[in-house]
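Next comes final.pdb, a file with PDB, C-alpha atoms and all ligand atoms.
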MODEL        1
ATOM      1  CA  MET A   1       4.950  -0.947   5.931  1.00  0.00           C
ATOM      2  CA  LEU A   2       3.245   0.807   8.828  1.00  0.00           C
ATOM      3  CA  THR A   3       4.751   0.256  12.269  1.00  0.00           C
ATOM      4  CA  PHE A   4       2.258   0.890  15.066  1.00  0.00           C
ATOM      5  CA  PRO A   5       3.291   2.071  18.561  1.00  0.00           C
ATOM      6  CA  GLU A   6       3.428  -1.418  20.062  1.00  0.00           C
ATOM      7  CA  GLY A   7       5.540  -2.780  17.216  1.00  0.00           C
ATOM      8  CA  GLN A   8       2.698  -4.248  15.176  1.00  0.00           C
ATOM      9  CA  HIS A   9       3.135  -4.175  11.408  1.00  0.00           C
ATOM     10  CA  VAL A  10       0.690  -3.540   8.583  1.00  0.00           C
ATOM     11  CA  ILE A  11       2.013  -4.191   5.081  1.00  0.00           C
ATOM     12  CA  PHE A  12       0.660  -2.686   1.873  1.00  0.00           C
ATOM     13  CA  ASP A  13       1.087  -5.340  -0.825  1.00  0.00           C
ATOM     14  CA  THR A  14       3.607  -8.170  -0.947  1.00  0.00           C
ATOM     15  CA  ALA A  15       5.937  -7.115  -3.731  1.00  0.00           C
ATOM     16  CA  THR A  16       8.223  -9.492  -5.591  1.00  0.00           C
ATOM     17  CA  GLU A  17      11.036  -8.190  -3.334  1.00  0.00           C
ATOM     18  CA  PHE A  18       8.945  -8.689  -0.161  1.00  0.00           C
ATOM     19  CA  ARG A  19      11.208 -11.348   1.427  1.00  0.00           C
ATOM     20  CA  LEU A  20      14.352  -9.286   0.850  1.00  0.00           C
ATOM     21  CA  GLN A  21      12.676  -6.137   2.166  1.00  0.00           C
ATOM     22  CA  MET A  22      11.585  -7.870   5.369  1.00  0.00           C
ATOM     23  CA  ILE A  23      15.080  -9.279   5.940  1.00  0.00           C
ATOM     24  CA  ARG A  24      16.615  -5.858   5.296  1.00  0.00           C
ATOM     25  CA  GLU A  25      14.311  -4.215   7.835  1.00  0.00           C
ATOM     26  CA  GLY A  26      14.565  -7.029  10.394  1.00  0.00           C
ATOM     27  CA  VAL A  27      10.787  -7.505  10.519  1.00  0.00           C
ATOM     28  CA  ARG A  28       9.751 -10.505  12.635  1.00  0.00           C
ATOM     29  CA  ASN A  29       5.988  -9.974  12.882  1.00  0.00           C
ATOM     30  CA  ILE A  30       3.214  -8.988  10.475  1.00  0.00           C
ATOM     31  CA  GLU A  31      -0.385  -8.799  11.647  1.00  0.00           C
ATOM     32  CA  HIS A  32      -2.189  -7.326   8.620  1.00  0.00           C
ATOM     33  CA  VAL A  33      -1.649  -7.093   4.859  1.00  0.00           C
ATOM     34  CA  ILE A  34      -3.695  -4.655   2.786  1.00  0.00           C
ATOM     35  CA  TYR A  35      -3.713  -5.227  -0.974  1.00  0.00           C
ATOM     36  CA  THR A  36      -4.075  -2.338  -3.405  1.00  0.00           C
ATOM     37  CA  HIS A  37      -4.481  -4.595  -6.457  1.00  0.00           C
ATOM     38  CA  THR A  38      -3.097  -7.822  -7.855  1.00  0.00           C
ATOM     39  CA  HIS A  39      -0.599  -6.844 -10.539  1.00  0.00           C
ATOM     40  CA  SER A  40       2.358  -9.165 -10.079  1.00  0.00           C
ATOM     41  CA  ASP A  41       4.707  -6.457  -8.758  1.00  0.00           C
ATOM     42  CA  HIS A  42       2.261  -6.008  -5.855  1.00  0.00           C
ATOM     43  CA  CYS A  43       1.380  -9.565  -4.864  1.00  0.00           C
ATOM     44  CA  HIS A  44       3.960 -12.094  -5.999  1.00  0.00           C
ATOM     45  CA  GLY A  45       5.674 -12.069  -2.594  1.00  0.00           C
ATOM     46  CA  PHE A  46       2.499 -13.576  -1.089  1.00  0.00           C
ATOM     47  CA  ASP A  47       4.026 -16.986  -0.387  1.00  0.00           C
ATOM     48  CA  ASP A  48       6.667 -15.454   1.882  1.00  0.00           C
ATOM     49  CA  LEU A  49       3.949 -14.504   4.365  1.00  0.00           C
ATOM     50  CA  ARG A  50       4.205 -18.101   5.562  1.00  0.00           C
ATOM     51  CA  ALA A  51       7.450 -17.371   7.410  1.00  0.00           C
ATOM     52  CA  PHE A  52       5.558 -14.936   9.637  1.00  0.00           C
ATOM     53  CA  PHE A  53       2.970 -17.574  10.492  1.00  0.00           C
ATOM     54  CA  PHE A  54       5.800 -19.985  11.387  1.00  0.00           C
ATOM     55  CA  GLN A  55       7.052 -17.310  13.781  1.00  0.00           C
ATOM     56  CA  SER A  56       3.760 -16.274  15.410  1.00  0.00           C
ATOM     57  CA  ASP A  57       1.416 -19.234  14.877  1.00  0.00           C
ATOM     58  CA  VAL A  58      -1.261 -16.566  14.360  1.00  0.00           C
ATOM     59  CA  PRO A  59      -2.913 -16.244  10.924  1.00  0.00           C
ATOM     60  CA  ILE A  60      -2.353 -12.958   9.118  1.00  0.00           C
ATOM     61  CA  PHE A  61      -5.333 -10.795   8.143  1.00  0.00           C
ATOM     62  CA  ILE A  62      -5.549 -10.057   4.422  1.00  0.00           C
ATOM     63  CA  HIS A  63      -7.694  -7.052   3.521  1.00  0.00           C
ATOM     64  CA  ALA A  64      -8.661  -6.477  -0.106  1.00  0.00           C
ATOM     65  CA  ALA A  65     -11.563  -5.588  -2.371  1.00  0.00           C
ATOM     66  CA  ARG A  66     -13.677  -8.540  -3.589  1.00  0.00           C
ATOM     67  CA  GLN A  67     -12.108  -8.738  -7.053  1.00  0.00           C
ATOM     68  CA  HIS A  68      -8.602  -8.721  -5.589  1.00  0.00           C
ATOM     69  CA  LEU A  69      -9.442 -11.423  -3.024  1.00  0.00           C
ATOM     70  CA  ASP A  70     -10.824 -13.571  -5.857  1.00  0.00           C
ATOM     71  CA  ASP A  71      -7.673 -12.994  -7.860  1.00  0.00           C
ATOM     72  CA  LEU A  72      -5.385 -13.900  -4.932  1.00  0.00           C
ATOM     73  CA  GLN A  73      -7.340 -17.129  -4.401  1.00  0.00           C
ATOM     74  CA  THR A  74      -6.935 -18.014  -8.073  1.00  0.00           C
ATOM     75  CA  ARG A  75      -3.242 -17.196  -8.309  1.00  0.00           C
ATOM     76  CA  PHE A  76      -2.272 -18.785  -4.991  1.00  0.00           C
ATOM     77  CA  SER A  77      -4.914 -21.505  -4.922  1.00  0.00           C
ATOM     78  CA  TYR A  78      -2.671 -23.924  -2.983  1.00  0.00           C
ATOM     79  CA  ALA A  79      -2.854 -21.591   0.008  1.00  0.00           C
ATOM     80  CA  PHE A  80      -6.628 -21.886   0.158  1.00  0.00           C
ATOM     81  CA  GLN A  81      -7.021 -25.620  -0.352  1.00  0.00           C
ATOM     82  CA  ASN A  82      -7.805 -27.621   2.724  1.00  0.00           C
ATOM     83  CA  THR A  83      -4.879 -29.964   3.251  1.00  0.00           C
ATOM     84  CA  ALA A  84      -3.755 -31.260   6.622  1.00  0.00           C
ATOM     85  CA  TYR A  85      -0.113 -30.463   5.935  1.00  0.00           C
ATOM     86  CA  HIS A  86       0.442 -27.915   8.686  1.00  0.00           C
ATOM     87  CA  GLY A  87       2.635 -24.902   8.334  1.00  0.00           C
ATOM     88  CA  THR A  88       3.725 -25.023   4.736  1.00  0.00           C
ATOM     89  CA  LYS A  89       1.264 -22.536   3.306  1.00  0.00           C
ATOM     90  CA  PRO A  90       0.709 -18.856   4.003  1.00  0.00           C
ATOM     91  CA  LYS A  91      -1.918 -19.006   6.756  1.00  0.00           C
ATOM     92  CA  VAL A  92      -4.246 -16.059   6.257  1.00  0.00           C
ATOM     93  CA  ILE A  93      -7.732 -14.826   7.082  1.00  0.00           C
ATOM     94  CA  LEU A  94      -9.436 -13.035   4.200  1.00  0.00           C
ATOM     95  CA  HIS A  95     -11.390  -9.855   4.842  1.00  0.00           C
ATOM     96  CA  GLU A  96     -13.353  -8.219   2.030  1.00  0.00           C
ATOM     97  CA  ILE A  97     -13.140  -4.450   2.083  1.00  0.00           C
ATOM     98  CA  ILE A  98     -16.280  -2.594   1.049  1.00  0.00           C
ATOM     99  CA  PRO A  99     -15.617   0.830  -0.512  1.00  0.00           C
ATOM    100  CA  GLY A 100     -16.811   3.567   1.812  1.00  0.00           C
ATOM    101  CA  LEU A 101     -17.195   1.197   4.775  1.00  0.00           C
ATOM    102  CA  ALA A 102     -14.329   1.803   7.199  1.00  0.00           C
ATOM    103  CA  PHE A 103     -12.710  -1.034   9.153  1.00  0.00           C
ATOM    104  CA  ASN A 104     -10.456  -0.800  12.155  1.00  0.00           C
ATOM    105  CA  ILE A 105      -6.834  -1.820  12.642  1.00  0.00           C
ATOM    106  CA  PHE A 106      -5.213  -1.314  16.053  1.00  0.00           C
ATOM    107  CA  GLY A 107      -7.803   1.343  16.950  1.00  0.00           C
ATOM    108  CA  VAL A 108      -7.398   3.347  13.745  1.00  0.00           C
ATOM    109  CA  ASP A 109     -10.133   3.612  11.095  1.00  0.00           C
ATOM    110  CA  VAL A 110      -9.127   2.475   7.611  1.00  0.00           C
ATOM    111  CA  GLU A 111     -11.084   3.859   4.669  1.00  0.00           C
ATOM    112  CA  MET A 112     -10.814   2.511   1.117  1.00  0.00           C
ATOM    113  CA  ALA A 113     -11.700   4.130  -2.191  1.00  0.00           C
ATOM    114  CA  SER A 114     -11.399   2.765  -5.726  1.00  0.00           C
ATOM    115  CA  ALA A 115      -9.318   4.401  -8.437  1.00  0.00           C
ATOM    116  CA  HIS A 116      -8.719   3.778 -12.153  1.00  0.00           C
ATOM    117  CA  HIS A 117      -5.447   2.106 -13.161  1.00  0.00           C
ATOM    118  CA  GLY A 118      -5.847   1.561 -16.891  1.00  0.00           C
ATOM    119  CA  ASP A 119      -7.972  -1.551 -17.345  1.00  0.00           C
ATOM    120  CA  ALA A 120      -7.494  -2.422 -13.677  1.00  0.00           C
ATOM    121  CA  THR A 121      -8.953  -0.937 -10.514  1.00  0.00           C
ATOM    122  CA  THR A 122      -6.834  -0.182  -7.483  1.00  0.00           C
ATOM    123  CA  SER A 123      -7.819   0.467  -3.907  1.00  0.00           C
ATOM    124  CA  VAL A 124      -6.379   3.516  -2.176  1.00  0.00           C
ATOM    125  CA  PHE A 125      -6.370   3.748   1.603  1.00  0.00           C
ATOM    126  CA  LYS A 126      -6.601   6.289   4.371  1.00  0.00           C
ATOM    127  CA  VAL A 127      -5.414   4.944   7.736  1.00  0.00           C
ATOM    128  CA  GLY A 128      -6.176   7.686  10.259  1.00  0.00           C
ATOM    129  CA  PRO A 129      -4.308  10.713   8.823  1.00  0.00           C
ATOM    130  CA  PHE A 130      -2.073   8.554   6.597  1.00  0.00           C
ATOM    131  CA  VAL A 131      -2.858   7.858   2.939  1.00  0.00           C
ATOM    132  CA  TYR A 132      -1.351   5.139   0.759  1.00  0.00           C
ATOM    133  CA  ALA A 133      -2.271   5.378  -2.905  1.00  0.00           C
ATOM    134  CA  THR A 134      -0.368   3.527  -5.580  1.00  0.00           C
ATOM    135  CA  ASP A 135      -0.950   2.558  -9.195  1.00  0.00           C
ATOM    136  CA  PHE A 136      -3.737   4.941 -10.095  1.00  0.00           C
ATOM    137  CA  LYS A 137      -4.137   7.115 -13.181  1.00  0.00           C
ATOM    138  CA  SER A 138      -6.036   9.715 -11.188  1.00  0.00           C
ATOM    139  CA  LEU A 139      -7.960   9.979  -7.918  1.00  0.00           C
ATOM    140  CA  PRO A 140     -11.655  10.970  -7.913  1.00  0.00           C
ATOM    141  CA  GLU A 141     -12.175  14.717  -7.344  1.00  0.00           C
ATOM    142  CA  GLU A 142     -14.781  14.121  -4.629  1.00  0.00           C
ATOM    143  CA  LEU A 143     -12.268  11.948  -2.763  1.00  0.00           C
ATOM    144  CA  LEU A 144      -9.603  14.660  -2.859  1.00  0.00           C
ATOM    145  CA  GLU A 145     -12.205  17.136  -1.635  1.00  0.00           C
ATOM    146  CA  ARG A 146     -13.239  14.824   1.224  1.00  0.00           C
ATOM    147  CA  TRP A 147      -9.647  14.078   2.300  1.00  0.00           C
ATOM    148  CA  LYS A 148      -8.524  17.700   2.009  1.00  0.00           C
ATOM    149  CA  GLY A 149      -7.050  18.872   5.322  1.00  0.00           C
ATOM    150  CA  GLN A 150      -7.460  15.378   6.849  1.00  0.00           C
ATOM    151  CA  VAL A 151      -4.089  13.985   5.765  1.00  0.00           C
ATOM    152  CA  HIS A 152      -0.768  14.357   7.554  1.00  0.00           C
ATOM    153  CA  THR A 153       1.302  12.020   5.375  1.00  0.00           C
ATOM    154  CA  ILE A 154       0.589  10.632   1.930  1.00  0.00           C
ATOM    155  CA  VAL A 155       2.665   8.029   0.116  1.00  0.00           C
ATOM    156  CA  ALA A 156       1.560   8.015  -3.504  1.00  0.00           C
ATOM    157  CA  SER A 157       2.869   6.664  -6.777  1.00  0.00           C
ATOM    158  CA  GLY A 158       4.313   8.817  -9.551  1.00  0.00           C
ATOM    159  CA  LEU A 159       5.914   6.874 -12.370  1.00  0.00           C
ATOM    160  CA  LYS A 160       7.908   9.511 -14.241  1.00  0.00           C
ATOM    161  CA  MET A 161       7.765  13.142 -15.314  1.00  0.00           C
ATOM    162  CA  GLU A 162       5.884  12.444 -18.559  1.00  0.00           C
ATOM    163  CA  SER A 163       2.268  11.365 -18.551  1.00  0.00           C
ATOM    164  CA  HIS A 164       1.471   7.654 -18.812  1.00  0.00           C
ATOM    165  CA  PRO A 165      -1.737   5.848 -19.853  1.00  0.00           C
ATOM    166  CA  THR A 166      -2.239   3.901 -16.612  1.00  0.00           C
ATOM    167  CA  HIS A 167      -0.137   5.683 -13.970  1.00  0.00           C
ATOM    168  CA  SER A 168      -0.125   9.153 -12.470  1.00  0.00           C
ATOM    169  CA  SER A 169       3.001  11.148 -13.410  1.00  0.00           C
ATOM    170  CA  ILE A 170       5.200  12.832 -10.794  1.00  0.00           C
ATOM    171  CA  PRO A 171       3.738  16.315 -11.553  1.00  0.00           C
ATOM    172  CA  GLU A 172       0.187  14.896 -11.366  1.00  0.00           C
ATOM    173  CA  THR A 173       0.964  13.300  -7.996  1.00  0.00           C
ATOM    174  CA  VAL A 174       2.511  16.539  -6.692  1.00  0.00           C
ATOM    175  CA  ALA A 175      -0.754  18.279  -7.642  1.00  0.00           C
ATOM    176  CA  ILE A 176      -2.768  15.672  -5.688  1.00  0.00           C
ATOM    177  CA  ILE A 177      -0.564  16.074  -2.595  1.00  0.00           C
ATOM    178  CA  GLU A 178      -0.990  19.849  -2.775  1.00  0.00           C
ATOM    179  CA  LYS A 179      -4.732  19.589  -3.376  1.00  0.00           C
ATOM    180  CA  ILE A 180      -5.390  17.566  -0.238  1.00  0.00           C
ATOM    181  CA  LYS A 181      -3.007  19.846   1.694  1.00  0.00           C
ATOM    182  CA  ALA A 182      -0.988  16.968   3.172  1.00  0.00           C
ATOM    183  CA  LYS A 183       1.778  18.037   5.550  1.00  0.00           C
ATOM    184  CA  GLN A 184       4.242  15.653   3.932  1.00  0.00           C
ATOM    185  CA  GLY A 185       4.214  13.695   0.700  1.00  0.00           C
ATOM    186  CA  VAL A 186       6.355  10.816  -0.481  1.00  0.00           C
ATOM    187  CA  ILE A 187       6.316   9.778  -4.139  1.00  0.00           C
ATOM    188  CA  THR A 188       6.964   6.096  -4.740  1.00  0.00           C
ATOM    189  CA  HIS A 189       6.732   3.473  -7.527  1.00  0.00           C
ATOM    190  CA  LEU A 190       9.304   5.501  -9.483  1.00  0.00           C
ATOM    191  CA  GLY A 191      10.313   4.491 -12.988  1.00  0.00           C
ATOM    192  CA  HIS A 192      13.931   3.476 -13.468  1.00  0.00           C
ATOM    193  CA  GLU A 193      14.612   6.215 -16.024  1.00  0.00           C
ATOM    194  CA  ILE A 194      14.023   9.228 -13.777  1.00  0.00           C
ATOM    195  CA  ASP A 195      16.822  11.556 -12.631  1.00  0.00           C
ATOM    196  CA  TYR A 196      16.345  11.154  -8.871  1.00  0.00           C
ATOM    197  CA  HIS A 197      18.489  14.094  -7.737  1.00  0.00           C
ATOM    198  CA  ALA A 198      17.346  16.621 -10.353  1.00  0.00           C
ATOM    199  CA  ILE A 199      13.657  15.873  -9.725  1.00  0.00           C
ATOM    200  CA  SER A 200      14.165  15.877  -5.947  1.00  0.00           C
ATOM    201  CA  GLU A 201      15.585  19.403  -6.127  1.00  0.00           C
ATOM    202  CA  SER A 202      12.586  20.632  -8.114  1.00  0.00           C
ATOM    203  CA  LEU A 203       9.956  19.394  -5.635  1.00  0.00           C
ATOM    204  CA  PRO A 204       8.206  21.499  -2.972  1.00  0.00           C
ATOM    205  CA  THR A 205      10.003  21.190   0.400  1.00  0.00           C
ATOM    206  CA  ASN A 206       7.283  18.996   1.956  1.00  0.00           C
ATOM    207  CA  ILE A 207       7.422  16.433  -0.880  1.00  0.00           C
ATOM    208  CA  GLN A 208      10.200  13.919  -1.500  1.00  0.00           C
ATOM    209  CA  LEU A 209      10.917  10.972  -3.753  1.00  0.00           C
ATOM    210  CA  ALA A 210      11.005   7.638  -1.921  1.00  0.00           C
ATOM    211  CA  PHE A 211      14.042   5.377  -1.638  1.00  0.00           C
ATOM    212  CA  ASP A 212      14.500   1.855  -0.292  1.00  0.00           C
ATOM    213  CA  GLY A 213      14.484   1.949   3.507  1.00  0.00           C
ATOM    214  CA  LEU A 214      12.988   5.468   3.781  1.00  0.00           C
ATOM    215  CA  SER A 215      11.178   5.946   7.085  1.00  0.00           C
ATOM    216  CA  VAL A 216       8.818   8.826   7.941  1.00  0.00           C
ATOM    217  CA  VAL A 217       6.725   9.564  11.034  1.00  0.00           C
ATOM    218  CA  CYS A 218       2.971  10.143  10.938  1.00  0.00           C
ATOM    219  CA  PRO A 219       0.748  10.685  14.023  1.00  0.00           C
ATOM    220  CA  LEU A 220      -2.172   8.323  14.700  1.00  0.00           C
ATOM    221  CA  VAL A 221      -4.575  11.272  14.810  1.00  0.00           C
ATOM    222  CA  LEU A 222      -4.297  14.696  13.242  1.00  0.00           C
TER     223      LEU A 222
HETATM  224 ZN    ZN A 301       2.766  -1.424  -9.730  1.00  0.00          ZN
HETATM  225 ZN    ZN A 302      -0.371  -1.938 -11.129  1.00  0.00          ZN
ENDMDL
END

Write the structure described by the file as structure tokens, please.
Ligand SMILES: [Zn+2]
Ligand SMILES: [Zn+2]
Amino acid sequence: MLTFPEGQHVIFDTATEFRLQMIREGVRNIEHVIYTHTHSDHCHGFDDLRAFFFQSDVPIFIHAARQHLDDLQTRFSYAFQNTAYHGTKPKVILHEIIPGLAFNIFGVDVEMASAHHGDATTSVFKVGPFVYATDFKSLPEELLERWKGQVHTIVASGLKMESHPTHSSIPETVAIIEKIKAKQGVITHLGHEIDYHAISESLPTNIQLAFDGLSVVCPLVL
């Protein structure tokens, strides 16, 4: 979740634990949701967006690549059928993200790039000097070159120490963070079998493993 200066919230993905996470953090408003892909661990909290529409009476913007929008509309078809029964569905406005074509959220440019995730494709995002990249096997070299020196904070997935067919490993993600010369890196989407403390101690000082409720600060411009 990104919290903007005036308290607006942008969410990356609605995980299965989305409702519990929002209660834990006391979040009462969400203006935008950006989807990385539609594996169930990233979108099955979708229905709980409806509580935020109850609260605000303002539809929530959903930003995703075409294939992921199509998938959301298939999986949660009830939300997109035209029934007069007010207020019981997640009320959203769909926005298709075009790779390479930036869009703007609260005055900050958002850039999307596609990455391989096994048989699936994920979208990775750069919001001003902040990057969110999860569930990728690798990131394109030209992207790392383009983002080099432009990133203050990156939150990126790293599943475990060993390599994996569809996910970047922790060492591979550390290499990405170092390659783009981010000031701080957070590694998320951790496998349950990792030794959190031992790995944490082995990381460079500007890189840490994520934990539930972790909060970091990133400027709006570099
Ligand atoms: Zn995942
Ligand atoms: Zn995935």

Throw together the list of residues within 10 Å of ligand ZN 301 (chain A), counting only C-alpha atoms and all ligand atoms, and drop it here as a list of chain:residue names. A:Asp13, A:Ala15, A:Thr36, A:His37, A:Thr38, A:His39, A:Ser40, A:Asp41, A:His42, A:Cys43, A:His117, A:Thr122, A:Thr134, A:Asp135, A:Phe136, A:Ser157, A:Leu159, A:His167, A:Thr188, A:His189, A:Leu190

The PyMOL selection byres (((chain A and resi 49-63) around 9) and not hetatm) resolved against shown file, as a list in words
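Against this file, the PyMOL selection byres (((chain A and resi 49-63) around 9) and not hetatm) returns the residues Thr14, Phe18, Arg19, Arg28, Asn29, Ile30, Glu31, His32, Val33, Ile34, Tyr35, Gly45, Phe46, Asp47, Asp48, Ala64, Ala65, Leu69, Gly87, Thr88, Lys89, Pro90, Lys91, Val92, Ile93, Leu94, His95, Glu96 and Ile97 of chain A.
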
- Item | Point (-6.2, 0.2, 14.2), cut-off 12 Å, counting only C-alpha atoms, residues as an MDAnalysis selection string | chainID A and resid 2:6 8:10 31:32 102:111 126:129 220:221

Closest of A:Ala120, A:Ala79, A:Leu72, A:Val27 to ligand ZN 302 (chain A), counting only C-alpha atoms and all ligand atoms, is A:Ala120

Quiz prompt | Point-to-point distance from atom CA of A:Cys218 to atom CA of A:Arg146, Å rounded to tenths | solution =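 Computing it gives 19.5 Å between the two atoms.
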
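Among the candidates A:Ala115, A:Phe76, A:Ser202, A:Leu101, the residue lying nearest to ligand ZN 302 (chain A) is A:Ala115 (atoms considered: all atoms listed in the file).
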